[in-house]
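For reference, the structure discussed in these notes is given below.
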2 protein chains.
Amino acid sequence: MTRQLKQTEKSPQRNVRKRRREIVDAAARVFAERGYHGASTQDIADLLGMRQASLYYYFDSKETALEEVCALGAAGFVEKAEEIVRNGLPAQERLCQLLAAHIAPLDHRADYTRTFLNERKWLPMESRRKVGRMSRRLEAIFERVIREGIRNGEFRNDLNPRMTTLALLGMMNAVSTWYERESIPLDRIAELFGDLALNGASNTDAD
Amino acid sequence: MTRQLKQTEKSPQRNVRKRRREIVDAAARVFAERGYHGASTQDIADLLGMRQASLYYYFDSKETALEEVCALGAAGFVEKAEEIVRNGLPAQERLCQLLAAHIAPLDHRADYTRTFLNERKWLPMESRRKVGRMSRRLEAIFERVIREGIRNGEFRNDLNPRMTTLALLGMMNAVSTWYERESIPLDRIAELFGDLALNGASNTDAD
DNA sequence: TGATAATTCTATTGCACTATAGAAAAATAG
DNA sequence: CTATTTTTCTATAGTGCAATAGAATTATCA
């Protein structure tokens, strides 16, 4: 009650973090499957074989859990994109890498990604804004690559960078909705979609 | 109780339908804004200035209202697409028309469209299947146009029709998430996205 | 081992929500 | 105007849910 520092500080802290993470994992899965409002804290507890009330030892509220899932779902997204945008490759190549990076998390963190994409709109004001800023940063990265590509002649100069960005992000975000049904690996999707984005569907050979 | 047909059949029936439609409109708006699980029947009633319990004179359940919103949100979608696919124009032109038709409902029925796209997954089994069949028909139409375009040389023969379909539908479906923020008319979006889909971002002029 | 702290449990509160029952009010018809 | 039907209302049952309180259990460590 007074000061129980020293030994009791490190070891339990680590276990708490580990358990917290297990709970967030379960929450991500439940939120991704049933939606935030459709999921109950009981669902999360069931998945872990623990009691509903026990969750509150680790989380203040269901909303807090959503915040954590979304934060983890968003983590690395922008960082990875900023890394790609600085790699000095041609704009075409960088754009393809951005597309690939955008769906890569679906491989090992699909629940987080889906929750982030579909449920972040239910976040409370403050964290929703934070997430919104991240989205805008990502969009800005896409737009920047597109503008650079236009400037150096790699891309058509009649492209609308904003609309192109929204088109490509929409295309990639949708992957989370069907890629578990369609048996096709993510890198193949990235390849096909990158090709489509760069070259379009039209045949330029003949005619 | 026995048979009160004749006069009492037509006039009230019509008013019931009208009121039902007003309620479905309100439901569509509320579902689109807060999601099916996040919306309450009270929210719907508030929008109409009526009591929550009065809704049940017109609907058996909240779920029934969702079914109706989704049905109306889906209506005309496939029909319009089938009409386009039969119009004998070049595949490129037909594809662009399909893209334009896909976002057209956002103009006058955004609430229905958004509910259909985002909330249909909460429909009960049966109606979810019905909606699923419609989606598959629409995808088949896209794929068919793409295959025809490949066959007659309008499209590249290394296109994957399935993946191209999913890419384009994803791109168009995403429009509903941002088009109210971005001040750009739908026909302009259709134009830009059609161009991107056909020709890609790359510059084929120089180099 | 015995004390202390960490974790999970049982039990419950209080609220929001869907849906039903039946009365009241409004509209319509004879 | 009265009777009948249609529509909306009040009141409430019943359920599920998030969250809290505090006891019981388990782990940690001297």
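Chain lettering (A, B, ...) mirrors the order of the structure tokens, residue numbering begins at 1 for each chain separately, and ligand numbering begins at 1 in order of display.
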
I'm after chain A in the frame of chain B: fit it by least squares over all Cα atoms matched in order, and give me the output as a compact mmCIF listing (two decimals) with C-alpha atoms, in the first residue's frame.
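See superposed-v3.txt below for the written result:
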```txt
# COMPACT_ATOMS: atom_id res chain seq x y z
CA MET A 1 -62.29 -9.26 -37.58
CA THR A 2 -64.17 -11.41 -40.09
CA ARG A 3 -63.81 -9.87 -43.55
CA GLN A 4 -63.34 -6.15 -44.01
CA LEU A 5 -62.32 -6.16 -47.65
CA LYS A 6 -63.56 -3.95 -50.48
CA GLN A 7 -62.88 -0.29 -49.57
CA THR A 8 -60.71 -0.80 -46.55
CA GLU A 9 -58.19 -2.76 -48.54
CA LYS A 10 -56.69 -0.33 -51.00
CA SER A 11 -56.42 3.02 -49.31
CA PRO A 12 -54.90 1.96 -45.97
CA GLN A 13 -52.52 -0.42 -47.71
CA ARG A 14 -51.09 2.47 -49.63
CA ASN A 15 -50.64 4.58 -46.51
CA VAL A 16 -49.05 1.71 -44.70
CA ARG A 17 -46.57 1.34 -47.51
CA LYS A 18 -45.79 5.01 -47.47
CA ARG A 19 -45.25 5.09 -43.73
CA ARG A 20 -43.23 1.91 -43.91
CA ARG A 21 -41.01 3.58 -46.41
CA GLU A 22 -40.52 6.59 -44.19
CA ILE A 23 -39.47 4.28 -41.41
CA VAL A 24 -37.08 2.40 -43.67
CA ASP A 25 -35.61 5.72 -44.76
CA ALA A 26 -35.00 6.66 -41.14
CA ALA A 27 -33.58 3.22 -40.42
CA ALA A 28 -31.22 3.51 -43.38
CA ARG A 29 -29.95 6.81 -42.11
CA VAL A 30 -29.45 5.60 -38.57
CA PHE A 31 -27.86 2.32 -39.63
CA ALA A 32 -25.52 4.11 -42.01
CA GLU A 33 -24.43 6.54 -39.33
CA ARG A 34 -24.14 4.35 -36.24
CA GLY A 35 -23.99 0.88 -37.66
CA TYR A 36 -26.67 -1.76 -37.16
CA HIS A 37 -25.56 -2.82 -33.71
CA GLY A 38 -24.78 0.71 -32.62
CA ALA A 39 -28.20 1.99 -33.63
CA SER A 40 -31.28 1.57 -31.47
CA THR A 41 -34.89 1.44 -32.51
CA GLN A 42 -35.26 4.51 -30.31
CA ASP A 43 -32.89 6.36 -32.63
CA ILE A 44 -35.10 5.51 -35.57
CA ALA A 45 -38.24 6.58 -33.76
CA ASP A 46 -36.63 9.86 -32.68
CA LEU A 47 -35.84 10.71 -36.27
CA LEU A 48 -39.54 10.32 -37.10
CA GLY A 49 -40.90 11.96 -33.97
CA MET A 50 -42.75 8.83 -33.00
CA ARG A 51 -42.56 6.37 -30.14
CA GLN A 52 -40.18 3.45 -30.22
CA ALA A 53 -42.94 0.91 -29.72
CA SER A 54 -44.97 2.31 -32.62
CA LEU A 55 -42.37 1.04 -35.05
CA TYR A 56 -43.53 -2.46 -34.31
CA TYR A 57 -46.84 -1.79 -35.95
CA TYR A 58 -44.88 -1.79 -39.22
CA PHE A 59 -41.96 -4.07 -38.51
CA ASP A 60 -41.61 -7.36 -36.71
CA SER A 61 -38.09 -6.61 -35.60
CA LYS A 62 -35.07 -4.42 -36.02
CA GLU A 63 -33.60 -7.20 -38.11
CA THR A 64 -36.50 -7.00 -40.54
CA ALA A 65 -35.83 -3.31 -41.00
CA LEU A 66 -32.22 -4.07 -41.83
CA GLU A 67 -33.34 -6.63 -44.36
CA GLU A 68 -35.54 -4.07 -46.04
CA VAL A 69 -32.86 -1.40 -46.08
CA CYS A 70 -30.35 -3.81 -47.58
CA ALA A 71 -32.83 -5.09 -50.13
CA LEU A 72 -33.55 -1.55 -51.30
CA GLY A 73 -29.86 -0.71 -51.17
CA ALA A 74 -29.11 -3.62 -53.45
CA ALA A 75 -32.07 -3.12 -55.76
CA GLY A 76 -31.28 -1.98 -59.24
CA PHE A 77 -27.60 -2.65 -58.78
CA VAL A 78 -27.47 -5.89 -60.68
CA GLU A 79 -30.26 -4.96 -63.06
CA LYS A 80 -28.46 -1.82 -64.15
CA ALA A 81 -25.21 -3.74 -64.56
CA GLU A 82 -26.89 -6.43 -66.63
CA GLU A 83 -28.38 -3.77 -68.83
CA ILE A 84 -24.96 -2.22 -69.41
CA VAL A 85 -23.31 -5.52 -70.11
CA ARG A 86 -25.78 -6.16 -72.92
CA ASN A 87 -25.46 -2.81 -74.67
CA GLY A 88 -23.01 -3.98 -77.31
CA LEU A 89 -20.46 -1.25 -76.76
CA PRO A 90 -16.73 -1.94 -76.55
CA ALA A 91 -15.60 -3.66 -73.36
CA GLN A 92 -13.65 -0.60 -72.29
CA GLU A 93 -16.72 1.56 -72.54
CA ARG A 94 -18.89 -1.00 -70.81
CA LEU A 95 -16.41 -1.33 -67.96
CA CYS A 96 -16.40 2.43 -67.45
CA GLN A 97 -20.17 2.46 -67.43
CA LEU A 98 -20.20 -0.32 -64.86
CA LEU A 99 -17.89 1.70 -62.65
CA ALA A 100 -20.05 4.81 -63.01
CA ALA A 101 -23.25 2.88 -62.34
CA HIS A 102 -21.72 1.37 -59.23
CA ILE A 103 -21.32 4.72 -57.49
CA ALA A 104 -24.34 6.46 -58.98
CA PRO A 105 -26.66 5.49 -56.07
CA LEU A 106 -24.42 7.44 -53.69
CA ASP A 107 -25.99 10.55 -55.11
CA HIS A 108 -29.55 10.01 -54.00
CA ARG A 109 -29.43 6.96 -51.76
CA ALA A 110 -26.17 7.17 -49.85
CA ASP A 111 -27.68 5.85 -46.61
CA TYR A 112 -29.05 2.77 -48.30
CA THR A 113 -25.83 2.15 -50.15
CA ARG A 114 -23.65 2.54 -47.09
CA THR A 115 -25.89 0.32 -45.01
CA PHE A 116 -25.93 -2.27 -47.73
CA LEU A 117 -22.15 -2.24 -48.04
CA ASN A 118 -21.24 -2.14 -44.36
CA GLU A 119 -24.09 -3.72 -42.45
CA ARG A 120 -25.29 -6.58 -44.62
CA LYS A 121 -22.89 -8.86 -42.79
CA TRP A 122 -25.21 -8.71 -39.78
CA LEU A 123 -28.21 -9.97 -41.72
CA PRO A 124 -29.63 -13.32 -40.66
CA MET A 125 -28.43 -16.31 -42.65
CA GLU A 126 -31.15 -16.46 -45.24
CA SER A 127 -31.23 -12.87 -46.39
CA ARG A 128 -27.46 -12.67 -46.14
CA ARG A 129 -27.26 -15.50 -48.63
CA LYS A 130 -29.67 -13.76 -50.94
CA VAL A 131 -27.57 -10.63 -50.83
CA GLY A 132 -24.45 -12.73 -51.28
CA ARG A 133 -25.87 -14.23 -54.46
CA MET A 134 -26.50 -10.75 -55.80
CA SER A 135 -22.95 -9.72 -55.06
CA ARG A 136 -21.66 -12.76 -56.87
CA ARG A 137 -23.83 -11.96 -59.85
CA LEU A 138 -22.39 -8.47 -59.98
CA GLU A 139 -18.87 -9.78 -59.73
CA ALA A 140 -19.65 -12.23 -62.51
CA ILE A 141 -20.77 -9.36 -64.73
CA PHE A 142 -17.50 -7.53 -64.19
CA GLU A 143 -15.51 -10.68 -64.85
CA ARG A 144 -17.47 -11.37 -68.01
CA VAL A 145 -16.80 -7.91 -69.45
CA ILE A 146 -13.14 -8.27 -68.59
CA ARG A 147 -12.92 -11.68 -70.24
CA GLU A 148 -14.65 -10.40 -73.34
CA GLY A 149 -12.26 -7.48 -73.46
CA ILE A 150 -9.34 -9.84 -73.22
CA ARG A 151 -10.73 -12.08 -75.92
CA ASN A 152 -11.26 -9.26 -78.41
CA GLY A 153 -7.93 -7.63 -77.64
CA GLU A 154 -9.19 -4.55 -75.86
CA PHE A 155 -7.67 -5.69 -72.59
CA ARG A 156 -4.27 -7.18 -71.88
CA ASN A 157 -4.34 -10.95 -71.99
CA ASP A 158 -2.30 -11.29 -68.81
CA LEU A 159 -5.09 -9.76 -66.75
CA ASN A 160 -6.51 -11.87 -63.97
CA PRO A 161 -10.25 -11.28 -64.42
CA ARG A 162 -11.13 -12.28 -60.89
CA MET A 163 -8.53 -10.10 -59.22
CA THR A 164 -9.21 -7.21 -61.55
CA THR A 165 -12.86 -7.40 -60.63
CA LEU A 166 -12.11 -7.38 -56.92
CA ALA A 167 -9.67 -4.52 -57.37
CA LEU A 168 -12.17 -2.37 -59.23
CA LEU A 169 -15.09 -3.16 -56.94
CA GLY A 170 -12.97 -2.39 -53.91
CA MET A 171 -11.94 0.88 -55.46
CA MET A 172 -15.53 1.86 -56.20
CA ASN A 173 -17.02 0.64 -52.94
CA ALA A 174 -14.57 2.76 -51.00
CA VAL A 175 -16.00 5.89 -52.58
CA SER A 176 -18.90 5.76 -50.13
CA THR A 177 -16.46 6.25 -47.26
CA TRP A 178 -14.98 9.53 -48.44
CA TYR A 179 -17.04 11.14 -51.16
CA GLU A 180 -18.96 13.33 -48.74
CA ARG A 181 -15.70 14.82 -47.48
CA GLU A 182 -14.08 15.33 -50.88
CA SER A 183 -15.88 17.91 -52.90
CA ILE A 184 -15.91 16.24 -56.27
CA PRO A 185 -18.95 15.16 -58.25
CA LEU A 186 -19.65 11.50 -58.81
CA ASP A 187 -19.39 11.66 -62.58
CA ARG A 188 -15.94 13.19 -62.27
CA ILE A 189 -14.91 10.37 -59.94
CA ALA A 190 -16.24 7.83 -62.41
CA GLU A 191 -14.31 9.52 -65.19
CA LEU A 192 -11.02 9.58 -63.28
CA PHE A 193 -11.38 6.08 -61.92
CA GLY A 194 -12.38 4.66 -65.28
CA ASP A 195 -9.34 6.27 -66.84
CA LEU A 196 -7.10 4.91 -64.10
CA ALA A 197 -8.57 1.43 -64.45
CA LEU A 198 -8.09 1.39 -68.20
CA ASN A 199 -4.79 3.20 -68.60
CA GLY A 200 -3.04 3.09 -65.24
CA ALA A 201 -0.89 5.73 -63.69
CA SER A 202 2.19 5.25 -65.84
CA ASN A 203 3.12 7.69 -68.52
CA THR A 204 3.31 5.95 -71.89
CA ASP A 205 4.18 9.05 -73.85
CA ALA A 206 7.82 9.70 -73.32
CA ASP A 207 10.61 7.38 -72.25
```

All helix (DSSP H, G or I) positions in stretch 9-77 of chain A, as an mmCIF file with N, CA, C and O atoms, in the first residue's frame:
```cif
data_model
loop_
_atom_site.group_PDB
_atom_site.id
_atom_site.type_symbol
_atom_site.label_atom_id
_atom_site.label_comp_id
_atom_site.auth_asym_id
_atom_site.auth_seq_id
_atom_site.Cartn_x
_atom_site.Cartn_y
_atom_site.Cartn_z
ATOM 1 N N GLU A 9 8.450 -4.751 -8.852
ATOM 2 C CA GLU A 9 8.098 -3.855 -9.941
ATOM 3 C C GLU A 9 8.286 -4.484 -11.316
ATOM 4 O O GLU A 9 7.413 -4.399 -12.156
ATOM 5 N N LYS A 10 9.397 -5.137 -11.511
ATOM 6 C CA LYS A 10 9.727 -5.598 -12.856
ATOM 7 C C LYS A 10 8.929 -6.851 -13.279
ATOM 8 O O LYS A 10 8.230 -6.830 -14.255
ATOM 9 N N SER A 11 9.082 -7.876 -12.508
ATOM 10 C CA SER A 11 8.498 -9.155 -12.914
ATOM 11 C C SER A 11 6.983 -9.123 -13.142
ATOM 12 O O SER A 11 6.503 -9.548 -14.188
ATOM 13 N N PRO A 12 6.196 -8.620 -12.217
ATOM 14 C CA PRO A 12 4.755 -8.574 -12.435
ATOM 15 C C PRO A 12 4.389 -7.677 -13.615
ATOM 16 O O PRO A 12 3.552 -8.022 -14.421
ATOM 17 N N GLN A 13 5.064 -6.574 -13.751
ATOM 18 C CA GLN A 13 4.809 -5.662 -14.864
ATOM 19 C C GLN A 13 4.875 -6.393 -16.188
ATOM 20 O O GLN A 13 4.048 -6.202 -17.063
ATOM 21 N N ARG A 14 5.891 -7.248 -16.301
ATOM 22 C CA ARG A 14 6.066 -7.972 -17.548
ATOM 23 C C ARG A 14 4.911 -8.951 -17.779
ATOM 24 O O ARG A 14 4.404 -9.076 -18.880
ATOM 25 N N ASN A 15 4.499 -9.627 -16.719
ATOM 26 C CA ASN A 15 3.388 -10.562 -16.851
ATOM 27 C C ASN A 15 2.080 -9.842 -17.173
ATOM 28 O O ASN A 15 1.270 -10.341 -17.935
ATOM 29 N N VAL A 16 1.927 -8.696 -16.538
ATOM 30 C CA VAL A 16 0.730 -7.918 -16.826
ATOM 31 C C VAL A 16 0.702 -7.551 -18.298
ATOM 32 O O VAL A 16 -0.326 -7.674 -18.963
ATOM 33 N N ARG A 17 1.833 -7.138 -18.809
ATOM 34 C CA ARG A 17 1.875 -6.760 -20.224
ATOM 35 C C ARG A 17 1.556 -7.924 -21.128
ATOM 36 O O ARG A 17 0.854 -7.790 -22.122
ATOM 37 N N LYS A 18 2.085 -9.075 -20.751
ATOM 38 C CA LYS A 18 1.855 -10.269 -21.563
ATOM 39 C C LYS A 18 0.365 -10.636 -21.576
ATOM 40 O O LYS A 18 -0.227 -10.884 -22.620
ATOM 41 N N ARG A 19 -0.202 -10.664 -20.393
ATOM 42 C CA ARG A 19 -1.633 -10.987 -20.270
ATOM 43 C C ARG A 19 -2.482 -9.952 -20.985
ATOM 44 O O ARG A 19 -3.433 -10.289 -21.675
ATOM 45 N N ARG A 20 -2.132 -8.694 -20.796
ATOM 46 C CA ARG A 20 -2.827 -7.618 -21.496
ATOM 47 C C ARG A 20 -2.835 -7.874 -22.989
ATOM 48 O O ARG A 20 -3.848 -7.717 -23.664
ATOM 49 N N ARG A 21 -1.703 -8.286 -23.485
ATOM 50 C CA ARG A 21 -1.590 -8.535 -24.906
ATOM 51 C C ARG A 21 -2.468 -9.696 -25.353
ATOM 52 O O ARG A 21 -3.094 -9.638 -26.415
ATOM 53 N N GLU A 22 -2.531 -10.714 -24.520
ATOM 54 C CA GLU A 22 -3.425 -11.838 -24.839
ATOM 55 C C GLU A 22 -4.871 -11.372 -24.929
ATOM 56 O O GLU A 22 -5.635 -11.798 -25.803
ATOM 57 N N ILE A 23 -5.218 -10.504 -23.998
ATOM 58 C CA ILE A 23 -6.586 -9.983 -23.993
ATOM 59 C C ILE A 23 -6.851 -9.124 -25.229
ATOM 60 O O ILE A 23 -7.894 -9.238 -25.868
ATOM 61 N N VAL A 24 -5.872 -8.299 -25.571
ATOM 62 C CA VAL A 24 -6.036 -7.468 -26.770
ATOM 63 C C VAL A 24 -6.135 -8.339 -28.015
ATOM 64 O O VAL A 24 -6.927 -8.058 -28.926
ATOM 65 N N ASP A 25 -5.361 -9.406 -28.050
ATOM 66 C CA ASP A 25 -5.466 -10.339 -29.178
ATOM 67 C C ASP A 25 -6.885 -10.879 -29.306
ATOM 68 O O ASP A 25 -7.472 -10.909 -30.391
ATOM 69 N N ALA A 26 -7.418 -11.322 -28.164
ATOM 70 C CA ALA A 26 -8.784 -11.864 -28.164
ATOM 71 C C ALA A 26 -9.783 -10.795 -28.582
ATOM 72 O O ALA A 26 -10.707 -11.046 -29.370
ATOM 73 N N ALA A 27 -9.584 -9.586 -28.059
ATOM 74 C CA ALA A 27 -10.483 -8.487 -28.404
ATOM 75 C C ALA A 27 -10.434 -8.203 -29.901
ATOM 76 O O ALA A 27 -11.474 -8.016 -30.544
ATOM 77 N N ALA A 28 -9.229 -8.205 -30.452
ATOM 78 C CA ALA A 28 -9.081 -7.953 -31.886
ATOM 79 C C ALA A 28 -9.868 -8.975 -32.686
ATOM 80 O O ALA A 28 -10.588 -8.626 -33.628
ATOM 81 N N ARG A 29 -9.757 -10.226 -32.269
ATOM 82 C CA ARG A 29 -10.444 -11.275 -32.999
ATOM 83 C C ARG A 29 -11.960 -11.100 -32.924
ATOM 84 O O ARG A 29 -12.657 -11.191 -33.934
ATOM 85 N N VAL A 30 -12.431 -10.845 -31.718
ATOM 86 C CA VAL A 30 -13.873 -10.692 -31.523
ATOM 87 C C VAL A 30 -14.401 -9.443 -32.228
ATOM 88 O O VAL A 30 -15.446 -9.478 -32.882
ATOM 89 N N PHE A 31 -13.671 -8.351 -32.117
ATOM 90 C CA PHE A 31 -14.104 -7.117 -32.780
ATOM 91 C C PHE A 31 -14.114 -7.289 -34.296
ATOM 92 O O PHE A 31 -15.014 -6.803 -34.992
ATOM 93 N N ALA A 32 -13.092 -7.975 -34.803
ATOM 94 C CA ALA A 32 -13.026 -8.169 -36.256
ATOM 95 C C ALA A 32 -14.190 -9.014 -36.745
ATOM 96 O O ALA A 32 -14.739 -8.773 -37.819
ATOM 97 N N GLU A 33 -14.581 -9.984 -35.941
ATOM 98 C CA GLU A 33 -15.613 -10.922 -36.380
ATOM 99 C C GLU A 33 -17.024 -10.372 -36.195
ATOM 100 O O GLU A 33 -17.858 -10.507 -37.082
ATOM 101 N N ARG A 34 -17.280 -9.763 -35.055
ATOM 102 C CA ARG A 34 -18.651 -9.327 -34.755
ATOM 103 C C ARG A 34 -18.833 -7.821 -34.775
ATOM 104 O O ARG A 34 -19.953 -7.337 -34.561
ATOM 105 N N THR A 41 -18.024 -8.029 -23.976
ATOM 106 C CA THR A 41 -16.834 -8.361 -23.192
ATOM 107 C C THR A 41 -16.873 -9.837 -22.782
ATOM 108 O O THR A 41 -15.835 -10.458 -22.582
ATOM 109 N N GLN A 42 -18.081 -10.381 -22.691
ATOM 110 C CA GLN A 42 -18.219 -11.814 -22.408
ATOM 111 C C GLN A 42 -17.588 -12.646 -23.518
ATOM 112 O O GLN A 42 -16.923 -13.651 -23.248
ATOM 113 N N ASP A 43 -17.798 -12.222 -24.755
ATOM 114 C CA ASP A 43 -17.194 -12.927 -25.896
ATOM 115 C C ASP A 43 -15.681 -12.977 -25.758
ATOM 116 O O ASP A 43 -15.047 -14.009 -26.013
ATOM 117 N N ILE A 44 -15.114 -11.860 -25.381
ATOM 118 C CA ILE A 44 -13.657 -11.787 -25.227
ATOM 119 C C ILE A 44 -13.202 -12.725 -24.121
ATOM 120 O O ILE A 44 -12.252 -13.494 -24.289
ATOM 121 N N ALA A 45 -13.905 -12.672 -23.002
ATOM 122 C CA ALA A 45 -13.544 -13.517 -21.865
ATOM 123 C C ALA A 45 -13.651 -15.002 -22.233
ATOM 124 O O ALA A 45 -12.782 -15.798 -21.886
ATOM 125 N N ASP A 46 -14.715 -15.355 -22.942
ATOM 126 C CA ASP A 46 -14.910 -16.748 -23.356
ATOM 127 C C ASP A 46 -13.716 -17.264 -24.136
ATOM 128 O O ASP A 46 -13.262 -18.390 -23.928
ATOM 129 N N LEU A 47 -13.242 -16.425 -25.034
ATOM 130 C CA LEU A 47 -12.124 -16.822 -25.895
ATOM 131 C C LEU A 47 -10.878 -17.124 -25.066
ATOM 132 O O LEU A 47 -10.011 -17.893 -25.490
ATOM 133 N N LEU A 48 -10.792 -16.514 -23.882
ATOM 134 C CA LEU A 48 -9.613 -16.689 -23.034
ATOM 135 C C LEU A 48 -9.884 -17.661 -21.885
ATOM 136 O O LEU A 48 -8.990 -17.963 -21.091
ATOM 137 N N GLN A 52 -15.767 -12.665 -17.338
ATOM 138 C CA GLN A 52 -15.958 -11.341 -17.937
ATOM 139 C C GLN A 52 -15.421 -10.226 -17.047
ATOM 140 O O GLN A 52 -14.755 -9.307 -17.516
ATOM 141 N N ALA A 53 -15.696 -10.341 -15.752
ATOM 142 C CA ALA A 53 -15.293 -9.260 -14.842
ATOM 143 C C ALA A 53 -13.777 -9.175 -14.697
ATOM 144 O O ALA A 53 -13.238 -8.108 -14.416
ATOM 145 N N SER A 54 -13.093 -10.297 -14.903
ATOM 146 C CA SER A 54 -11.639 -10.306 -14.728
ATOM 147 C C SER A 54 -10.923 -9.419 -15.739
ATOM 148 O O SER A 54 -9.811 -8.950 -15.500
ATOM 149 N N LEU A 55 -11.570 -9.187 -16.858
ATOM 150 C CA LEU A 55 -10.973 -8.330 -17.881
ATOM 151 C C LEU A 55 -10.683 -6.945 -17.319
ATOM 152 O O LEU A 55 -9.732 -6.281 -17.737
ATOM 153 N N TYR A 56 -11.507 -6.539 -16.371
ATOM 154 C CA TYR A 56 -11.409 -5.174 -15.880
ATOM 155 C C TYR A 56 -10.235 -4.971 -14.927
ATOM 156 O O TYR A 56 -9.994 -3.867 -14.457
ATOM 157 N N TYR A 57 -9.548 -6.055 -14.643
ATOM 158 C CA TYR A 57 -8.284 -5.894 -13.931
ATOM 159 C C TYR A 57 -7.228 -5.299 -14.874
ATOM 160 O O TYR A 57 -6.301 -4.636 -14.445
ATOM 161 N N LYS A 62 -14.360 -1.390 -22.277
ATOM 162 C CA LYS A 62 -14.361 -2.013 -23.601
ATOM 163 C C LYS A 62 -13.765 -1.045 -24.623
ATOM 164 O O LYS A 62 -13.030 -1.444 -25.523
ATOM 165 N N GLU A 63 -14.090 0.222 -24.437
ATOM 166 C CA GLU A 63 -13.589 1.253 -25.336
ATOM 167 C C GLU A 63 -12.056 1.320 -25.324
ATOM 168 O O GLU A 63 -11.418 1.480 -26.356
ATOM 169 N N THR A 64 -11.490 1.190 -24.146
ATOM 170 C CA THR A 64 -10.034 1.196 -24.023
ATOM 171 C C THR A 64 -9.415 0.053 -24.822
ATOM 172 O O THR A 64 -8.369 0.218 -25.458
ATOM 173 N N ALA A 65 -10.072 -1.104 -24.751
ATOM 174 C CA ALA A 65 -9.569 -2.250 -25.510
ATOM 175 C C ALA A 65 -9.589 -1.950 -27.004
ATOM 176 O O ALA A 65 -8.642 -2.277 -27.729
ATOM 177 N N LEU A 66 -10.668 -1.317 -27.449
ATOM 178 C CA LEU A 66 -10.738 -0.955 -28.869
ATOM 179 C C LEU A 66 -9.612 0.005 -29.243
ATOM 180 O O LEU A 66 -8.983 -0.136 -30.293
ATOM 181 N N GLU A 67 -9.364 0.958 -28.358
ATOM 182 C CA GLU A 67 -8.274 1.898 -28.621
ATOM 183 C C GLU A 67 -6.954 1.167 -28.805
ATOM 184 O O GLU A 67 -6.182 1.469 -29.718
ATOM 185 N N GLU A 68 -6.729 0.192 -27.931
ATOM 186 C CA GLU A 68 -5.455 -0.532 -28.000
ATOM 187 C C GLU A 68 -5.376 -1.380 -29.268
ATOM 188 O O GLU A 68 -4.328 -1.429 -29.922
ATOM 189 N N VAL A 69 -6.464 -2.036 -29.603
ATOM 190 C CA VAL A 69 -6.470 -2.840 -30.833
ATOM 191 C C VAL A 69 -6.195 -1.947 -32.045
ATOM 192 O O VAL A 69 -5.362 -2.284 -32.897
ATOM 193 N N CYS A 70 -6.866 -0.823 -32.097
ATOM 194 C CA CYS A 70 -6.688 0.073 -33.243
ATOM 195 C C CYS A 70 -5.278 0.649 -33.291
ATOM 196 O O CYS A 70 -4.687 0.776 -34.369
ATOM 197 N N ALA A 71 -4.757 0.975 -32.123
ATOM 198 C CA ALA A 71 -3.396 1.520 -32.081
ATOM 199 C C ALA A 71 -2.399 0.504 -32.625
ATOM 200 O O ALA A 71 -1.539 0.829 -33.445
ATOM 201 N N LEU A 72 -2.548 -0.747 -32.182
ATOM 202 C CA LEU A 72 -1.650 -1.795 -32.678
ATOM 203 C C LEU A 72 -1.917 -2.088 -34.156
ATOM 204 O O LEU A 72 -0.987 -2.394 -34.906
ATOM 205 N N GLY A 73 -3.172 -1.999 -34.551
ATOM 206 C CA GLY A 73 -3.503 -2.233 -35.951
ATOM 207 C C GLY A 73 -2.904 -1.182 -36.861
ATOM 208 O O GLY A 73 -2.563 -1.453 -38.013
ATOM 209 N N ALA A 74 -2.766 0.012 -36.325
ATOM 210 C CA ALA A 74 -2.231 1.115 -37.133
ATOM 211 C C ALA A 74 -0.711 1.184 -37.065
ATOM 212 O O ALA A 74 -0.067 1.717 -37.965
ATOM 213 N N PHE A 77 2.275 0.975 -39.837
ATOM 214 C CA PHE A 77 1.712 1.329 -41.137
ATOM 215 C C PHE A 77 2.433 2.526 -41.744
ATOM 216 O O PHE A 77 3.053 2.441 -42.801
#
```

Inset, instruction - Define the interface residues of chain C facing chain A as those within 9 Å, counting only C-alpha atoms (C1' of nucleotides), and report them as a ChimeraX atom specification. - result: /C:5-9

Inset, instruction - Report as a count of residues only the set of chain D residues whose atoms approach chain A to within 9 Å, with distances computed over only C-alpha atoms (C1' of nucleotides). - result: 4

Legend entry - Surrounding residues of C:DA26 excluding itself and chain neighbours under 5 positions, 9 Å, only C-alpha atoms (C1' of nucleotides), as a list of chain:residue names: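 My reading of the contact set: D:DT6, D:DT7, D:DT8.
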
Inset, instruction - Please identify all polymer residues within 12 Å of D:DG14, counting only C-alpha atoms (C1' of nucleotides), omitting same-chain residues fewer than 6 positions from it, and present them as JSON, numbers by chain. - result: {"C": [17, 18, 19, 20]}

Selection to disk with C-alpha atoms (C1' of nucleotides), as a compact mmCIF listing (two decimals), in the first residue's frame:
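Once written, part24.txt looks like this:
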```txt
# COMPACT_ATOMS: atom_id res chain seq x y z
C1' DC C 17 -32.46 -2.04 -25.33
C1' DT C 18 -35.92 -5.04 -27.99
C1' DA C 19 -40.31 -6.41 -28.00
C1' DT C 20 -45.19 -7.14 -26.20
```
